[in-house]
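Next comes model.pdb, a file with PDB, C-alpha atoms, pLDDT in the B column.
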ATOM      1  CA  MET U   1     -16.200 -23.333  -8.436  1.00 52.00           C
ATOM      2  CA  PRO U   2     -17.629 -20.506  -7.921  1.00 52.00           C
ATOM      3  CA  LEU U   3     -15.178 -18.761  -5.672  1.00 43.00           C
ATOM      4  CA  MET U   4     -15.253 -15.008  -5.332  1.00 41.00           C
ATOM      5  CA  GLN U   5     -12.317 -12.810  -4.403  1.00 41.00           C
ATOM      6  CA  PRO U   6     -11.351 -12.656  -0.713  1.00 39.00           C
ATOM      7  CA  THR U   7     -12.007  -8.921  -0.459  1.00 37.00           C
ATOM      8  CA  VAL U   8     -15.685  -9.495   0.377  1.00 39.00           C
ATOM      9  CA  LYS U   9     -17.120  -8.896   3.851  1.00 45.00           C
ATOM     10  CA  SER U  10     -15.834 -11.311   6.474  1.00 46.00           C
ATOM     11  CA  SER U  11     -18.195 -14.241   6.854  1.00 56.00           C
ATOM     12  CA  MET U  12     -20.242 -14.905   9.984  1.00 70.00           C
ATOM     13  CA  ILE U  13     -21.696 -18.100   8.552  1.00 80.00           C
ATOM     14  CA  ALA U  14     -20.175 -20.311  11.228  1.00 79.00           C
ATOM     15  CA  THR U  15     -21.851 -18.304  13.989  1.00 74.00           C
ATOM     16  CA  MET U  16     -25.180 -17.858  12.207  1.00 74.00           C
ATOM     17  CA  ILE U  17     -25.908 -21.510  11.396  1.00 80.00           C
ATOM     18  CA  PRO U  18     -26.687 -23.632  14.477  1.00 76.00           C
ATOM     19  CA  ASN U  19     -24.270 -26.541  14.972  1.00 83.00           C
ATOM     20  CA  PHE U  20     -22.316 -25.432  11.922  1.00 88.00           C
ATOM     21  CA  ASP U  21     -19.299 -27.629  12.616  1.00 91.00           C
ATOM     22  CA  ARG U  22     -21.507 -30.709  12.697  1.00 91.00           C
ATOM     23  CA  GLU U  23     -23.464 -29.601   9.622  1.00 93.00           C
ATOM     24  CA  ARG U  24     -20.349 -28.898   7.570  1.00 94.00           C
ATOM     25  CA  ALA U  25     -18.874 -32.277   8.620  1.00 96.00           C
ATOM     26  CA  LYS U  26     -21.991 -34.030   7.303  1.00 95.00           C
ATOM     27  CA  LEU U  27     -21.720 -32.100   4.060  1.00 97.00           C
ATOM     28  CA  ARG U  28     -18.044 -33.060   3.712  1.00 97.00           C
ATOM     29  CA  GLU U  29     -19.046 -36.743   3.857  1.00 97.00           C
ATOM     30  CA  ILE U  30     -20.563 -36.148   0.419  1.00 98.00           C
ATOM     31  CA  ALA U  31     -18.456 -33.210  -0.773  1.00 98.00           C
ATOM     32  CA  THR U  32     -15.175 -34.979  -0.074  1.00 98.00           C
ATOM     33  CA  SER U  33     -13.126 -32.484  -2.112  1.00 98.00           C
ATOM     34  CA  GLY U  34     -14.680 -29.448  -0.457  1.00 97.00           C
ATOM     35  CA  PHE U  35     -17.396 -26.869  -0.979  1.00 97.00           C
ATOM     36  CA  VAL U  36     -17.950 -23.128  -1.192  1.00 96.00           C
ATOM     37  CA  LEU U  37     -21.008 -21.347   0.185  1.00 95.00           C
ATOM     38  CA  GLY U  38     -21.810 -17.787  -0.891  1.00 92.00           C
ATOM     39  CA  LEU U  39     -24.810 -15.829   0.392  1.00 89.00           C
ATOM     40  CA  GLY U  40     -26.163 -12.440  -0.626  1.00 85.00           C
ATOM     41  CA  MET U  41     -24.480 -12.063  -3.993  1.00 83.00           C
ATOM     42  CA  SER U  42     -24.097  -8.603  -5.517  1.00 75.00           C
ATOM     43  CA  TRP U  43     -21.755  -7.058  -8.059  1.00 73.00           C
ATOM     44  CA  GLN U  44     -19.226  -6.698  -5.229  1.00 72.00           C
ATOM     45  CA  GLY U  45     -19.326 -10.423  -4.468  1.00 76.00           C
ATOM     46  CA  PRO U  46     -21.154 -12.354  -1.735  1.00 82.00           C
ATOM     47  CA  GLU U  47     -22.073 -10.774   1.587  1.00 80.00           C
ATOM     48  CA  HIS U  48     -21.023 -13.994   3.333  1.00 84.00           C
ATOM     49  CA  LEU U  49     -18.530 -16.559   2.059  1.00 89.00           C
ATOM     50  CA  HIS U  50     -17.234 -19.841   3.428  1.00 92.00           C
ATOM     51  CA  SER U  51     -14.906 -21.968   1.306  1.00 93.00           C
ATOM     52  CA  GLU U  52     -13.381 -25.372   1.984  1.00 95.00           C
ATOM     53  CA  PHE U  53     -11.941 -25.937  -1.472  1.00 97.00           C
ATOM     54  CA  PRO U  54      -8.171 -26.584  -1.587  1.00 96.00           C
ATOM     55  CA  GLU U  55      -6.162 -23.456  -0.826  1.00 96.00           C
ATOM     56  CA  GLU U  56      -4.000 -23.948  -3.930  1.00 97.00           C
ATOM     57  CA  TRP U  57      -7.120 -23.935  -6.094  1.00 97.00           C
ATOM     58  CA  ARG U  58      -8.491 -20.826  -4.396  1.00 95.00           C
ATOM     59  CA  ASN U  59      -5.204 -19.015  -4.978  1.00 96.00           C
ATOM     60  CA  LEU U  60      -5.119 -19.996  -8.664  1.00 96.00           C
ATOM     61  CA  TYR U  61      -8.771 -19.030  -9.107  1.00 95.00           C
ATOM     62  CA  GLU U  62      -8.089 -15.581  -7.712  1.00 93.00           C
ATOM     63  CA  ARG U  63      -4.745 -15.053  -9.417  1.00 95.00           C
ATOM     64  CA  GLU U  64      -6.076 -15.893 -12.884  1.00 95.00           C
ATOM     65  CA  ASN U  65      -9.496 -14.263 -12.358  1.00 94.00           C
ATOM     66  CA  LEU U  66     -11.184 -17.506 -13.342  1.00 94.00           C
ATOM     67  CA  TYR U  67     -14.562 -16.346 -12.058  1.00 89.00           C
ATOM     68  CA  VAL U  68     -14.902 -14.304 -15.258  1.00 90.00           C
ATOM     69  CA  GLY U  69     -15.327 -17.467 -17.320  1.00 92.00           C
ATOM     70  CA  ASP U  70     -16.509 -19.969 -14.721  1.00 96.00           C
ATOM     71  CA  PRO U  71     -19.521 -21.833 -16.225  1.00 97.00           C
ATOM     72  CA  VAL U  72     -20.650 -22.961 -12.757  1.00 96.00           C
ATOM     73  CA  LEU U  73     -20.744 -19.367 -11.526  1.00 92.00           C
ATOM     74  CA  LEU U  74     -22.524 -18.249 -14.691  1.00 93.00           C
ATOM     75  CA  TRP U  75     -25.146 -20.985 -14.260  1.00 96.00           C
ATOM     76  CA  HIS U  76     -26.013 -19.952 -10.719  1.00 93.00           C
ATOM     77  CA  ILE U  77     -26.413 -16.297 -11.689  1.00 90.00           C
ATOM     78  CA  VAL U  78     -29.337 -17.026 -14.025  1.00 92.00           C
ATOM     79  CA  ASN U  79     -30.851 -20.186 -12.525  1.00 95.00           C
ATOM     80  CA  THR U  80     -32.337 -21.586  -9.344  1.00 94.00           C
ATOM     81  CA  GLY U  81     -32.357 -25.195  -8.194  1.00 95.00           C
ATOM     82  CA  PHE U  82     -29.381 -27.480  -8.634  1.00 97.00           C
ATOM     83  CA  ARG U  83     -27.337 -29.035 -11.411  1.00 98.00           C
ATOM     84  CA  ARG U  84     -24.373 -31.367 -11.681  1.00 98.00           C
ATOM     85  CA  TRP U  85     -21.332 -29.650 -13.113  1.00 98.00           C
ATOM     86  CA  SER U  86     -21.247 -32.168 -15.943  1.00 97.00           C
ATOM     87  CA  GLU U  87     -24.803 -31.179 -16.947  1.00 98.00           C
ATOM     88  CA  ILE U  88     -24.056 -27.480 -17.332  1.00 97.00           C
ATOM     89  CA  ARG U  89     -24.042 -26.619 -21.037  1.00 95.00           C
ATOM     90  CA  LEU U  90     -22.220 -23.319 -20.970  1.00 96.00           C
ATOM     91  CA  PRO U  91     -18.917 -22.418 -22.644  1.00 95.00           C
ATOM     92  CA  ASP U  92     -15.711 -22.799 -20.634  1.00 96.00           C
ATOM     93  CA  ALA U  93     -13.423 -20.616 -22.717  1.00 91.00           C
ATOM     94  CA  VAL U  94     -10.621 -20.392 -20.140  1.00 93.00           C
ATOM     95  CA  GLY U  95     -10.671 -24.065 -19.140  1.00 96.00           C
ATOM     96  CA  VAL U  96     -11.883 -23.600 -15.560  1.00 97.00           C
ATOM     97  CA  MET U  97     -13.200 -27.147 -15.237  1.00 97.00           C
ATOM     98  CA  LYS U  98     -10.022 -28.718 -16.592  1.00 96.00           C
ATOM     99  CA  LYS U  99      -7.867 -26.699 -14.205  1.00 97.00           C
ATOM    100  CA  ALA U 100     -10.126 -27.618 -11.281  1.00 97.00           C
ATOM    101  CA  ARG U 101      -9.627 -31.329 -11.934  1.00 97.00           C
ATOM    102  CA  THR U 102      -5.920 -31.008 -11.177  1.00 97.00           C
ATOM    103  CA  PHE U 103      -6.945 -30.224  -7.580  1.00 97.00           C
ATOM    104  CA  GLY U 104      -9.292 -33.180  -7.169  1.00 97.00           C
ATOM    105  CA  LEU U 105     -12.428 -31.263  -8.153  1.00 98.00           C
ATOM    106  CA  ASN U 106     -13.472 -33.847 -10.722  1.00 98.00           C
ATOM    107  CA  TYR U 107     -17.208 -34.096 -10.043  1.00 98.00           C
ATOM    108  CA  GLY U 108     -19.612 -31.740  -8.389  1.00 98.00           C
ATOM    109  CA  ALA U 109     -22.872 -29.833  -8.321  1.00 98.00           C
ATOM    110  CA  VAL U 110     -24.065 -26.270  -7.833  1.00 98.00           C
ATOM    111  CA  PHE U 111     -27.148 -25.155  -5.891  1.00 98.00           C
ATOM    112  CA  ALA U 112     -28.733 -21.723  -6.381  1.00 96.00           C
ATOM    113  CA  GLN U 113     -31.507 -19.795  -4.652  1.00 92.00           C
ATOM    114  CA  LYS U 114     -32.898 -16.273  -4.561  1.00 87.00           C
ATOM    115  CA  SER U 115     -33.522 -14.493  -1.262  1.00 79.00           C
ATOM    116  CA  ASP U 116     -34.456 -11.059   0.034  1.00 70.00           C
ATOM    117  CA  GLY U 117     -30.745 -10.343   0.413  1.00 68.00           C
ATOM    118  CA  GLY U 118     -29.658 -11.434  -3.074  1.00 80.00           C
ATOM    119  CA  ARG U 119     -28.704 -14.616  -4.848  1.00 90.00           C
ATOM    120  CA  CYS U 120     -27.100 -17.476  -2.928  1.00 93.00           C
ATOM    121  CA  PHE U 121     -25.084 -20.465  -4.064  1.00 95.00           C
ATOM    122  CA  LEU U 122     -23.467 -23.634  -2.808  1.00 97.00           C
ATOM    123  CA  SER U 123     -20.961 -25.520  -4.956  1.00 98.00           C
ATOM    124  CA  VAL U 124     -19.710 -28.940  -3.834  1.00 98.00           C
ATOM    125  CA  ALA U 125     -17.052 -31.301  -5.191  1.00 98.00           C
ATOM    126  CA  ARG U 126     -15.602 -34.764  -4.928  1.00 98.00           C
ATOM    127  CA  ASP U 127     -12.871 -36.596  -6.833  1.00 97.00           C
ATOM    128  CA  ASP U 128     -14.199 -40.112  -7.370  1.00 98.00           C
ATOM    129  CA  ARG U 129     -17.752 -40.095  -8.771  1.00 98.00           C
ATOM    130  CA  GLU U 130     -20.838 -38.090  -9.683  1.00 98.00           C
ATOM    131  CA  LEU U 131     -23.217 -37.165  -6.882  1.00 98.00           C
ATOM    132  CA  GLU U 132     -26.282 -39.405  -6.673  1.00 98.00           C
ATOM    133  CA  ASN U 133     -29.825 -38.058  -6.873  1.00 96.00           C
ATOM    134  CA  ASN U 134     -30.542 -38.640  -3.196  1.00 96.00           C
ATOM    135  CA  GLU U 135     -27.323 -36.813  -2.277  1.00 98.00           C
ATOM    136  CA  LEU U 136     -28.312 -33.837  -4.427  1.00 97.00           C
ATOM    137  CA  GLU U 137     -31.725 -33.680  -2.774  1.00 96.00           C
ATOM    138  CA  GLN U 138     -30.186 -33.968   0.695  1.00 95.00           C
ATOM    139  CA  ILE U 139     -27.745 -31.136   0.050  1.00 96.00           C
ATOM    140  CA  ASP U 140     -30.427 -28.975  -1.563  1.00 95.00           C
ATOM    141  CA  ALA U 141     -32.638 -29.311   1.528  1.00 92.00           C
ATOM    142  CA  LYS U 142     -29.722 -28.320   3.781  1.00 92.00           C
ATOM    143  CA  PHE U 143     -28.837 -25.386   1.549  1.00 94.00           C
ATOM    144  CA  ARG U 144     -32.430 -24.074   1.565  1.00 89.00           C
ATOM    145  CA  VAL U 145     -32.469 -24.118   5.360  1.00 83.00           C
ATOM    146  CA  TRP U 146     -29.172 -22.204   5.485  1.00 88.00           C
ATOM    147  CA  VAL U 147     -30.449 -19.560   3.080  1.00 88.00           C
ATOM    148  CA  ASP U 148     -33.634 -19.115   5.112  1.00 81.00           C
ATOM    149  CA  LEU U 149     -31.688 -18.871   8.367  1.00 76.00           C
ATOM    150  CA  ILE U 150     -29.237 -16.272   7.185  1.00 77.00           C
ATOM    151  CA  MET U 151     -30.920 -14.274   4.442  1.00 76.00           C
ATOM    152  CA  ASP U 152     -34.703 -14.180   4.991  1.00 64.00           C
ATOM    153  CA  ARG U 153     -35.468 -10.894   6.741  1.00 58.00           C
ATOM    154  CA  SER U 154     -39.243 -11.056   6.241  1.00 54.00           C
ATOM    155  CA  VAL U 155     -39.729 -13.155   9.374  1.00 70.00           C
ATOM    156  CA  LEU U 156     -38.890 -10.234  11.701  1.00 84.00           C
ATOM    157  CA  THR U 157     -41.667  -7.755  12.497  1.00 89.00           C
ATOM    158  CA  PRO U 158     -41.063  -3.984  12.631  1.00 90.00           C
ATOM    159  CA  GLY U 159     -41.473  -4.128  16.400  1.00 94.00           C
ATOM    160  CA  GLU U 160     -38.847  -6.849  16.752  1.00 94.00           C
ATOM    161  CA  LEU U 161     -36.461  -4.873  14.558  1.00 94.00           C
ATOM    162  CA  ASP U 162     -37.004  -1.800  16.749  1.00 95.00           C
ATOM    163  CA  ILE U 163     -36.058  -3.775  19.843  1.00 96.00           C
ATOM    164  CA  LEU U 164     -32.904  -5.120  18.211  1.00 96.00           C
ATOM    165  CA  ARG U 165     -31.910  -1.620  17.112  1.00 96.00           C
ATOM    166  CA  ALA U 166     -32.323  -0.382  20.663  1.00 96.00           C
ATOM    167  CA  PHE U 167     -30.164  -3.190  22.024  1.00 96.00           C
ATOM    168  CA  ARG U 168     -27.589  -2.499  19.320  1.00 96.00           C
ATOM    169  CA  ASP U 169     -27.452   1.135  20.444  1.00 96.00           C
ATOM    170  CA  GLY U 170     -26.844   0.148  24.051  1.00 95.00           C
ATOM    171  CA  PHE U 171     -30.277   0.708  25.578  1.00 96.00           C
ATOM    172  CA  ALA U 172     -31.296  -1.524  28.480  1.00 95.00           C
ATOM    173  CA  GLN U 173     -34.637  -3.322  28.604  1.00 95.00           C
ATOM    174  CA  ARG U 174     -36.292  -0.656  30.821  1.00 95.00           C
ATOM    175  CA  GLU U 175     -34.968   2.178  28.652  1.00 96.00           C
ATOM    176  CA  THR U 176     -36.205   0.402  25.525  1.00 96.00           C
ATOM    177  CA  ALA U 177     -39.668  -0.016  27.031  1.00 96.00           C
ATOM    178  CA  GLU U 178     -39.841   3.696  27.896  1.00 96.00           C
ATOM    179  CA  MET U 179     -38.585   4.671  24.444  1.00 95.00           C
ATOM    180  CA  PHE U 180     -41.375   2.787  22.642  1.00 96.00           C
ATOM    181  CA  GLY U 181     -44.067   3.262  25.276  1.00 96.00           C
ATOM    182  CA  ILE U 182     -44.509  -0.455  25.953  1.00 96.00           C
ATOM    183  CA  SER U 183     -44.028  -2.690  28.979  1.00 95.00           C
ATOM    184  CA  GLU U 184     -40.764  -4.390  29.827  1.00 95.00           C
ATOM    185  CA  SER U 185     -42.506  -7.741  29.380  1.00 95.00           C
ATOM    186  CA  ALA U 186     -43.422  -6.710  25.819  1.00 95.00           C
ATOM    187  CA  VAL U 187     -39.783  -5.850  25.144  1.00 96.00           C
ATOM    188  CA  LYS U 188     -38.748  -9.224  26.531  1.00 96.00           C
ATOM    189  CA  GLN U 189     -41.283 -11.102  24.401  1.00 95.00           C
ATOM    190  CA  ARG U 190     -40.222  -9.312  21.214  1.00 95.00           C
ATOM    191  CA  ALA U 191     -36.589 -10.060  22.008  1.00 95.00           C
ATOM    192  CA  LEU U 192     -37.364 -13.739  22.615  1.00 93.00           C
ATOM    193  CA  LYS U 193     -39.274 -13.981  19.333  1.00 91.00           C
ATOM    194  CA  ALA U 194     -36.419 -12.317  17.454  1.00 91.00           C
ATOM    195  CA  CYS U 195     -33.934 -14.746  18.998  1.00 89.00           C
ATOM    196  CA  SER U 196     -36.115 -17.704  18.022  1.00 84.00           C
ATOM    197  CA  LYS U 197     -36.566 -16.520  14.431  1.00 81.00           C
ATOM    198  CA  LEU U 198     -32.844 -15.851  14.020  1.00 79.00           C
ATOM    199  CA  ASN U 199     -31.826 -19.063  15.793  1.00 73.00           C
ATOM    200  CA  ALA U 200     -29.830 -16.970  18.254  1.00 81.00           C
ATOM    201  CA  ARG U 201     -29.030 -18.173  21.760  1.00 84.00           C
ATOM    202  CA  THR U 202     -28.817 -14.673  23.267  1.00 90.00           C
ATOM    203  CA  ARG U 203     -29.950 -11.123  22.541  1.00 92.00           C
ATOM    204  CA  THR U 204     -26.366 -10.186  21.807  1.00 92.00           C
ATOM    205  CA  GLN U 205     -26.124 -12.900  19.166  1.00 88.00           C
ATOM    206  CA  ALA U 206     -29.487 -11.888  17.701  1.00 89.00           C
ATOM    207  CA  VAL U 207     -28.247  -8.311  17.340  1.00 91.00           C
ATOM    208  CA  ALA U 208     -24.993  -9.520  15.748  1.00 88.00           C
ATOM    209  CA  ILE U 209     -26.907 -11.644  13.222  1.00 81.00           C
ATOM    210  CA  ALA U 210     -29.317  -8.807  12.387  1.00 83.00           C
ATOM    211  CA  VAL U 211     -26.413  -6.383  11.920  1.00 84.00           C
ATOM    212  CA  ALA U 212     -24.542  -8.846   9.709  1.00 74.00           C
ATOM    213  CA  ARG U 213     -27.618  -9.224   7.513  1.00 70.00           C
ATOM    214  CA  ASN U 214     -28.122  -5.442   7.310  1.00 74.00           C
ATOM    215  CA  TYR U 215     -31.587  -5.772   8.865  1.00 81.00           C
ATOM    216  CA  LEU U 216     -31.114  -2.766  11.134  1.00 85.00           C
ATOM    217  CA  GLU U 217     -30.110  -0.170   8.566  1.00 73.00           C
TER     218      GLU U 217
END
Is it possible to express this structure as structure tokens?
Amino acid sequence: MPLMQPTVKSSMIATMIPNFDRERAKLREIATSGFVLGLGMSWQGPEHLHSEFPEEWRNLYERENLYVGDPVLLWHIVNTGFRRWSEIRLPDAVGVMKKARTFGLNYGAVFAQKSDGGRCFLSVARDDRELENNELEQIDAKFRVWVDLIMDRSVLTPGELDILRAFRDGFAQRETAEMFGISESAVKQRALKACSKLNARTRTQAVAIAVARNYLE
């Protein structure tokens, strides 16, 4: 649950979260039936989406437009924090939860946060039991870090954004320094700070992350 239509912008989540393969593997130890992560929600859907729910379920969800009546999706739209699916007291007129159980999505929880870039959610599932309190807290902490990494644009200063824009437009370090009337060492320091804040290994990756988050518009 919630799963938006696949027409949304292609996700860069795997490249924007450090050690994502390892992090998702840890999450799957708890969410044994899969999870879906959506960041930057708008009326068009999420800006970034990564789903590991069963493909058959994703296809059914899309084909029958189940998001319209999905109580888990509705809960995340108006709440923050986390809640077990079984604790959500919203109507399920089209039987989303019952249909999900046929794909092993018997138990689960949804996590919701607000960010500068819009609402964000994580929905996780397993087939054998309810998630324990310590598991919910562990996942919530991970989810908060992911939201901060990908969606929080307030950490970048105007000067750092200027440098990233220049790199995006193909200017070299010396050209960038001349453009803004600063030293090359100042350009380098701003670039290093931007990389650190965005958890990017290189300037090129920092630019890619900033572009994906619409920071440079």
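Taking CA of Val68 (chain U) and CA of Val94 (chain U) as endpoints, the distance between them is 8.9 Å.
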Report task. Can you work out which one of U:Tyr215, U:Tyr107, U:Phe35, U:Phe82 has the shortest atom-to-atom distance to Pro54 (chain U), counting all atoms listed in the file? Result -> U:Phe35
Requested in this report: Carefully work through the PyMOL selection byres ((chain U and resi 31-33) around 6) for this structure and note down the residues it includes, as a PyMOL selection string.
Outcome: chain U and resi 27-30+34+124-126
Report task. Give the answer as one residue: which of U:Asp148, U:Glu160, U:Glu56, U:Glu135 has the shortest atom-to-atom distance to Lys188 (chain U), using all atoms listed in the file? Result -> U:Glu160
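For the choices U:Leu73, U:Ala141, U:Phe53, U:Ala194, the atom-to-atom distance to Arg101 (chain U) is smallest for U:Phe53 when using all atoms listed in the file.
Matched in the shown structure by the PyMOL selection byres ((chain U and resi 39) around 7): Leu37, Gly38, Gly40, Met41, Pro46, Glu47, His48, Leu49, Arg119, Cys120 and Phe121 of chain U.
Our summary of the geometry notes that CA of Ala210 (chain U) is positioned 20.4 Å from CA of Glu175 (chain U).
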**Report entry** Residue members of the PyMOL selection byres ((chain U and resi 200) around 12) in the file shown, as number ranges by chain
**Finding:** U: 15-19, 149-150, 191-199, 201-210
Requested in this report: Quick one: everything within 10 Å of Glu217 (chain U), counting all atoms listed in the file, minus sequence neighbours fewer than 5 positions away in the same chain. Send it as a ChimeraX atom specification.
Outcome: /U:161,165,210-211
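Closest approach to Asp140 (chain U) among U:Thr80, U:Thr157, U:Thr102, U:Gln173 is made by U:Thr80 (distances from all atoms listed in the file).
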Query raised in the report: With only C-alpha atoms as the atoms that count, which of U:Leu66, U:Ala177, U:Leu74, U:Val145 lies nearest to Gly159 (chain U)?
Result: U:Ala177
For a cutoff of 10 Å around the file-coordinate point (-30.6, -24.2, -5.1), which residues qualify once you count only C-alpha atoms? I'd like the result as a short mmCIF file (atom, residue, chain, number, x, y, z; two decimals) with C-alpha atoms, in the frame of the given file.
data_model
loop_
_atom_site.label_atom_id
_atom_site.label_comp_id
_atom_site.auth_asym_id
_atom_site.auth_seq_id
_atom_site.Cartn_x
_atom_site.Cartn_y
_atom_site.Cartn_z
CA HIS U 76 -26.01 -19.95 -10.72
CA ASN U 79 -30.85 -20.19 -12.52
CA THR U 80 -32.34 -21.59 -9.34
CA GLY U 81 -32.36 -25.20 -8.19
CA PHE U 82 -29.38 -27.48 -8.63
CA ARG U 83 -27.34 -29.04 -11.41
CA VAL U 110 -24.06 -26.27 -7.83
CA PHE U 111 -27.15 -25.16 -5.89
CA ALA U 112 -28.73 -21.72 -6.38
CA GLN U 113 -31.51 -19.80 -4.65
CA LYS U 114 -32.90 -16.27 -4.56
CA ARG U 119 -28.70 -14.62 -4.85
CA CYS U 120 -27.10 -17.48 -2.93
CA PHE U 121 -25.08 -20.46 -4.06
CA LEU U 122 -23.47 -23.63 -2.81
CA SER U 123 -20.96 -25.52 -4.96
CA LEU U 136 -28.31 -33.84 -4.43
CA GLU U 137 -31.72 -33.68 -2.77
CA ILE U 139 -27.74 -31.14 0.05
CA ASP U 140 -30.43 -28.98 -1.56
CA ALA U 141 -32.64 -29.31 1.53
CA LYS U 142 -29.72 -28.32 3.78
CA PHE U 143 -28.84 -25.39 1.55
CA ARG U 144 -32.43 -24.07 1.56
CA VAL U 147 -30.45 -19.56 3.08
#
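Of the listed residues U:Asp116, U:Arg168, U:Asn106, U:Trp146, the one whose atoms come nearest to Asp128 (chain U) is U:Asn106, with distances taken using all atoms listed in the file.
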Just region 132-153 of chain U, please, as a PDB file, in the first residue's frame (only N, CA and C atoms).
ATOM      1  N   GLU U 132       6.764  -5.322  15.616  1.00  0.00           N
ATOM      2  CA  GLU U 132       6.940  -5.004  17.025  1.00  0.00           C
ATOM      3  C   GLU U 132       7.315  -3.532  17.186  1.00  0.00           C
ATOM      4  N   ASN U 133       7.122  -3.021  18.413  1.00  0.00           N
ATOM      5  CA  ASN U 133       7.380  -1.603  18.651  1.00  0.00           C
ATOM      6  C   ASN U 133       8.819  -1.206  18.317  1.00  0.00           C
ATOM      7  N   ASN U 134       9.771  -2.030  18.706  1.00  0.00           N
ATOM      8  CA  ASN U 134      11.164  -1.690  18.437  1.00  0.00           C
ATOM      9  C   ASN U 134      11.463  -1.697  16.934  1.00  0.00           C
ATOM     10  N   GLU U 135      10.765  -2.545  16.187  1.00  0.00           N
ATOM     11  CA  GLU U 135      10.936  -2.572  14.735  1.00  0.00           C
ATOM     12  C   GLU U 135      10.356  -1.304  14.107  1.00  0.00           C
ATOM     13  N   LEU U 136       9.208  -0.866  14.606  1.00  0.00           N
ATOM     14  CA  LEU U 136       8.609   0.367  14.101  1.00  0.00           C
ATOM     15  C   LEU U 136       9.531   1.556  14.350  1.00  0.00           C
ATOM     16  N   GLU U 137      10.103   1.616  15.536  1.00  0.00           N
ATOM     17  CA  GLU U 137      10.992   2.733  15.870  1.00  0.00           C
ATOM     18  C   GLU U 137      12.266   2.687  15.028  1.00  0.00           C
ATOM     19  N   GLN U 138      12.774   1.494  14.779  1.00  0.00           N
ATOM     20  CA  GLN U 138      13.976   1.338  13.963  1.00  0.00           C
ATOM     21  C   GLN U 138      13.724   1.799  12.532  1.00  0.00           C
ATOM     22  N   ILE U 139      12.597   1.395  11.969  1.00  0.00           N
ATOM     23  CA  ILE U 139      12.272   1.781  10.602  1.00  0.00           C
ATOM     24  C   ILE U 139      12.001   3.287  10.523  1.00  0.00           C
ATOM     25  N   ASP U 140      11.313   3.822  11.518  1.00  0.00           N
ATOM     26  CA  ASP U 140      11.012   5.252  11.517  1.00  0.00           C
ATOM     27  C   ASP U 140      12.294   6.078  11.523  1.00  0.00           C
ATOM     28  N   ALA U 141      13.278   5.667  12.308  1.00  0.00           N
ATOM     29  CA  ALA U 141      14.558   6.382  12.350  1.00  0.00           C
ATOM     30  C   ALA U 141      15.239   6.343  10.986  1.00  0.00           C
ATOM     31  N   LYS U 142      15.224   5.180  10.345  1.00  0.00           N
ATOM     32  CA  LYS U 142      15.824   5.039   9.011  1.00  0.00           C
ATOM     33  C   LYS U 142      15.094   5.926   8.005  1.00  0.00           C
ATOM     34  N   PHE U 143      13.783   5.899   8.064  1.00  0.00           N
ATOM     35  CA  PHE U 143      12.968   6.678   7.132  1.00  0.00           C
ATOM     36  C   PHE U 143      13.241   8.173   7.276  1.00  0.00           C
ATOM     37  N   ARG U 144      13.358   8.662   8.521  1.00  0.00           N
ATOM     38  CA  ARG U 144      13.631  10.078   8.752  1.00  0.00           C
ATOM     39  C   ARG U 144      14.968  10.491   8.139  1.00  0.00           C
ATOM     40  N   VAL U 145      15.962   9.635   8.272  1.00  0.00           N
ATOM     41  CA  VAL U 145      17.269   9.921   7.680  1.00  0.00           C
ATOM     42  C   VAL U 145      17.151  10.007   6.164  1.00  0.00           C
ATOM     43  N   TRP U 146      16.418   9.077   5.560  1.00  0.00           N
ATOM     44  CA  TRP U 146      16.250   9.079   4.102  1.00  0.00           C
ATOM     45  C   TRP U 146      15.555  10.353   3.628  1.00  0.00           C
ATOM     46  N   VAL U 147      14.518  10.764   4.344  1.00  0.00           N
ATOM     47  CA  VAL U 147      13.807  11.981   3.962  1.00  0.00           C
ATOM     48  C   VAL U 147      14.744  13.182   4.046  1.00  0.00           C
ATOM     49  N   ASP U 148      15.512  13.268   5.126  1.00  0.00           N
ATOM     50  CA  ASP U 148      16.446  14.388   5.270  1.00  0.00           C
ATOM     51  C   ASP U 148      17.488  14.390   4.157  1.00  0.00           C
ATOM     52  N   LEU U 149      17.997  13.212   3.815  1.00  0.00           N
ATOM     53  CA  LEU U 149      19.034  13.116   2.795  1.00  0.00           C
ATOM     54  C   LEU U 149      18.548  13.576   1.429  1.00  0.00           C
ATOM     55  N   ILE U 150      17.334  13.195   1.094  1.00  0.00           N
ATOM     56  CA  ILE U 150      16.855  13.404  -0.260  1.00  0.00           C
ATOM     57  C   ILE U 150      16.017  14.666  -0.431  1.00  0.00           C
ATOM     58  N   MET U 151      15.288  15.070   0.601  1.00  0.00           N
ATOM     59  CA  MET U 151      14.302  16.122   0.407  1.00  0.00           C
ATOM     60  C   MET U 151      14.599  17.445   1.086  1.00  0.00           C
ATOM     61  N   ASP U 152      15.533  17.505   2.030  1.00  0.00           N
ATOM     62  CA  ASP U 152      15.732  18.737   2.800  1.00  0.00           C
ATOM     63  C   ASP U 152      16.696  19.662   2.070  1.00  0.00           C
ATOM     64  N   ARG U 153      16.188  20.690   1.422  1.00  0.00           N
ATOM     65  CA  ARG U 153      17.016  21.595   0.650  1.00  0.00           C
ATOM     66  C   ARG U 153      17.567  22.743   1.479  1.00  0.00           C
TER      67      ARG U 153
END
